[in-house]
Amino acid sequence: MAKTEIRVGGLGGQGVILCASIIGKCASIYEGKHATLIQAFGPEARGSACSAQVTVSEEVIGYPYVKNPDVLVLMSQDAYTQFIPQLKPGGLVLYEEELVNIDGKLPKGARAVGIPATRFAEELGRRLVLNIVMVGFFAGATDLVSWESIEKAVKSSVPKGTEELNLKALKKGYDYGKEQAAQLK
Amino acid sequence: MGLTTLPRTLTLQDGRTLELHLLEVSDCLSLVEFYRTLPEQDRQVLKDDVTTKEWADRFLRKVATKEVICLVAKDGDKVVGEGSLYRSLHGWTKHVGEIRLTTARTHRRQGLGLAMASTLVKIATDLGIEKIVVNMVENQLGTRRTFEKLGFQKEAVLPRHVKDISGIKRDLIVMANDVSQIWAAMEAMVQDYSPHSGE
């Protein structure tokens, strides 16, 4: 199976790296695949550009850097501007639709699917779980990992006592991703 | 286990099943009856005289204003446990909630207290309460263990603060759980910043 390259981009404080790390953890620990993660962030704790590269493959990964991602998960306009030229033709953009404006620069054959993840997170009671909504959205829209595995990955990654709300956020994103993916078919 | 999961069926360790739900007006008589049948020894650790109609009316008013979120456990038509989250809707302690919990002796040591307490903690965090306190007498060891399992820690001791049925003065223990710290840990995880990077 060909490897899948993913780039998650956004701003510091949105949980970009945790989002990418959960996807990688899910694929490697709970699905038995290989995964690598590379993270990049500015010196500030909040607000600086931040991104992570995840590669998932059935085979050993020799080169972990993502140059042309198959999937972009975007949570800021800057991340969109920076990474959209790198997307593979026919690739998939999963974006936070209240923070990212898709302006027609998508590569040939690429598809873009948005989610009001911030609103969903706020409706659930904490904006903080925005990144977990995005994790669910990724899993639901791509089918790269199963619900059972992503659920376990989130449960084992978040602090004790926050599991219930995080799993609700995951489900909200997952169901929305499934719905949107069905409409794309 | 919060408000969205109520009502729900709870199976005790001995196999009995109970229903947990938020207090409804129709539960009121059964609740007063539950308190009237509690042994005097149990009632004397409660803050109010819960056997009177005046108490029930006052309590229902607080439930109506959501100053109190009351959870009851019912075995058939009979209330066998009552747990409430008291909160101040205004002022400098509105981030603090207090849990008060009573169960029937016939249903103790079966996981009922823990189930009710954890549901109330979840309700409190969902309501944005940041700190939860619970008061107990020094010899309520089972209650203390229950709350310790939920992350509560002893925060204060008021020496010889309560007098028991035989006139012995005992310490009142205030246990607290700063639930805001739970989400502080999550906040730290989404910082997207590692101060140790590059070392």
# chains A, B, ... in the order shown; residues from 1 in each chain; ligands from 1

$ closest_atom_pairs --of "chain B" --to "chain A" --cutoff "8 Å" --atoms "only C-alpha atoms" --output "CSV"
residue,atom,partner,partner_atom,distance
B:Asp126,CA,A:Gly125,CA,7.3
B:Ile182,CA,A:Gly161,CA,6.2
B:Trp183,CA,A:Thr162,CA,6.9
B:Ala185,CA,A:Pro159,CA,6.3
B:Met186,CA,A:Pro159,CA,6.0
B:Glu187,CA,A:Leu128,CA,6.9
B:Met189,CA,A:Leu18,CA,7.0
B:Val190,CA,A:Gly15,CA,3.8
B:Gln191,CA,A:Gly13,CA,4.3
B:Asp192,CA,A:Gly12,CA,5.0
B:Tyr193,CA,A:Ala45,CA,5.3

$ select_by_dssp --residues "segment 37-78 of chain B" --states "strand (DSSP E)" --output "count of residues only"
9

$ residues_around --residues "segment 37-44 of chain B" --least-positions-apart "3" --cutoff "9 Å" --atoms "only C-alpha atoms" --output "ChimeraX atom specification"
/B:32-34,47-50,102-105,163-165

$ write_last_selection --atoms "C-alpha atoms" --output "compact mmCIF listing (two decimals), in the first residue's frame"
# COMPACT_ATOMS: atom_id res chain seq x y z
CA VAL B 32 -38.88 13.08 52.46
CA GLU B 33 -39.82 9.50 53.37
CA PHE B 34 -36.24 8.41 52.64
CA LYS B 47 -26.83 20.32 57.68
CA ASP B 48 -30.62 20.69 57.62
CA ASP B 49 -33.59 19.06 59.27
CA VAL B 50 -34.58 17.16 56.20
CA THR B 102 -26.71 10.43 51.48
CA THR B 103 -27.48 6.79 50.78
CA ALA B 104 -29.69 4.27 52.54
CA ARG B 105 -27.84 1.87 54.79
CA LYS B 163 -21.08 17.10 68.01
CA ASP B 164 -22.36 13.58 67.46
CA ILE B 165 -25.45 11.91 68.88

$ atom_distance --atom1 "atom CA of Gln180 of chain A" --atom2 "atom CA of Ala35 of chain A"
25.9 Å

$ closest_residue --among "B:Leu22, B:Pro159, B:Thr65, B:Val134" --to "Thr119 of chain B" --atoms "only C-alpha atoms"
B:Leu22

$ residues_around --residues "Gly177 of chain A" --least-positions-apart "4" --cutoff "9 Å" --atoms "only C-alpha atoms" --output "PyMOL selection string"
chain A and resi 113-115+136-142+172-173+181-182

$ select_by_dssp --residues "chain B" --states "helix (DSSP H, G or I)" --output "PyMOL selection string"
chain B and resi 3-5+25-36+40-43+53-64+105-107+112-126+141-149+180-189

$ atom_distance --atom1 "atom CA of Glu98 of chain A" --atom2 "atom CA of Arg7 of chain A"
19.2 Å

$ residues_around --residues "Ser118 of chain B" --least-positions-apart "6" --cutoff "12 Å" --atoms "only C-alpha atoms" --output "list in words"
Gly161 of chain A; Met1, Gly2, Leu3, Leu71, Gly83, Ser84, Leu85, Ile99, Leu101, Gly111, Leu112, Ala124, Thr125, Ile132, Thr146, Phe147, Glu148, Lys149, Leu150, Gly151, Phe152 and Asn177 of chain B

$ atom_distance --atom1 "atom CA of Glu98 of chain B" --atom2 "atom CA of Ala188 of chain B"
27.1 Å

$ residues_around --residues "Glu155 of chain B" --least-positions-apart "3" --cutoff "8 Å" --atoms "only C-alpha atoms" --output "CSV table (one decimal) with N, CA and C atoms, in the first residue's frame"
chain,number,residue,atom,x,y,z
B,173,ILE,N,-14.0,17.5,58.4
B,173,ILE,CA,-13.0,17.5,57.4
B,173,ILE,C,-13.6,18.1,56.1
B,174,VAL,N,-12.9,19.1,55.5
B,174,VAL,CA,-13.3,19.6,54.2
B,174,VAL,C,-12.4,19.1,53.2
B,175,MET,N,-13.0,18.3,52.2
B,175,MET,CA,-12.2,17.8,51.1
B,175,MET,C,-12.5,18.6,49.9
B,176,ALA,N,-11.5,18.7,49.0
B,176,ALA,CA,-11.8,19.6,47.8
B,176,ALA,C,-11.1,18.9,46.6

$ residues_around --residues "segment 24-30 of chain B" --least-positions-apart "6" --cutoff "12 Å" --atoms "only C-alpha atoms" --output "ChimeraX atom specification"
/B:7,36-37,50-53,55-61,63-64,69-82

$ write_last_selection --atoms "C-alpha atoms" --output "short mmCIF file (atom, residue, chain, number, x, y, z; two decimals), in the first residue's frame"
data_model
loop_
_atom_site.label_atom_id
_atom_site.label_comp_id
_atom_site.auth_asym_id
_atom_site.auth_seq_id
_atom_site.Cartn_x
_atom_site.Cartn_y
_atom_site.Cartn_z
CA PRO B 7 -31.75 9.07 33.58
CA ARG B 36 -37.51 10.20 57.71
CA THR B 37 -36.48 6.56 57.71
CA VAL B 50 -34.58 17.16 56.20
CA THR B 51 -37.68 15.56 57.69
CA THR B 52 -39.88 18.64 57.55
CA LYS B 53 -42.18 19.89 54.83
CA TRP B 55 -37.22 21.88 54.23
CA ALA B 56 -38.74 20.08 51.24
CA ASP B 57 -40.37 23.30 49.99
CA ARG B 58 -37.14 25.27 50.41
CA PHE B 59 -35.17 22.52 48.71
CA LEU B 60 -37.54 22.35 45.73
CA ARG B 61 -37.28 26.11 45.28
CA VAL B 63 -33.79 22.98 42.64
CA ALA B 64 -36.13 25.12 40.51
CA ILE B 69 -28.80 20.07 41.11
CA CYS B 70 -30.34 17.07 42.81
CA LEU B 71 -29.79 13.49 41.78
CA VAL B 72 -31.86 10.66 43.23
CA ALA B 73 -31.32 6.92 43.12
CA LYS B 74 -34.53 4.91 43.14
CA ASP B 75 -35.12 1.26 43.83
CA GLY B 76 -38.52 0.86 42.27
CA ASP B 77 -40.58 3.73 43.68
CA LYS B 78 -38.38 4.15 46.71
CA VAL B 79 -35.61 6.75 46.97
CA VAL B 80 -32.48 5.03 48.32
CA GLY B 81 -29.96 7.77 47.72
CA GLU B 82 -29.85 11.51 47.25
#

$ closest_residue --among "B:Leu10, B:Gln153, B:Ser180, B:Leu127" --to "Gly113 of chain B" --atoms "only C-alpha atoms"
B:Leu10
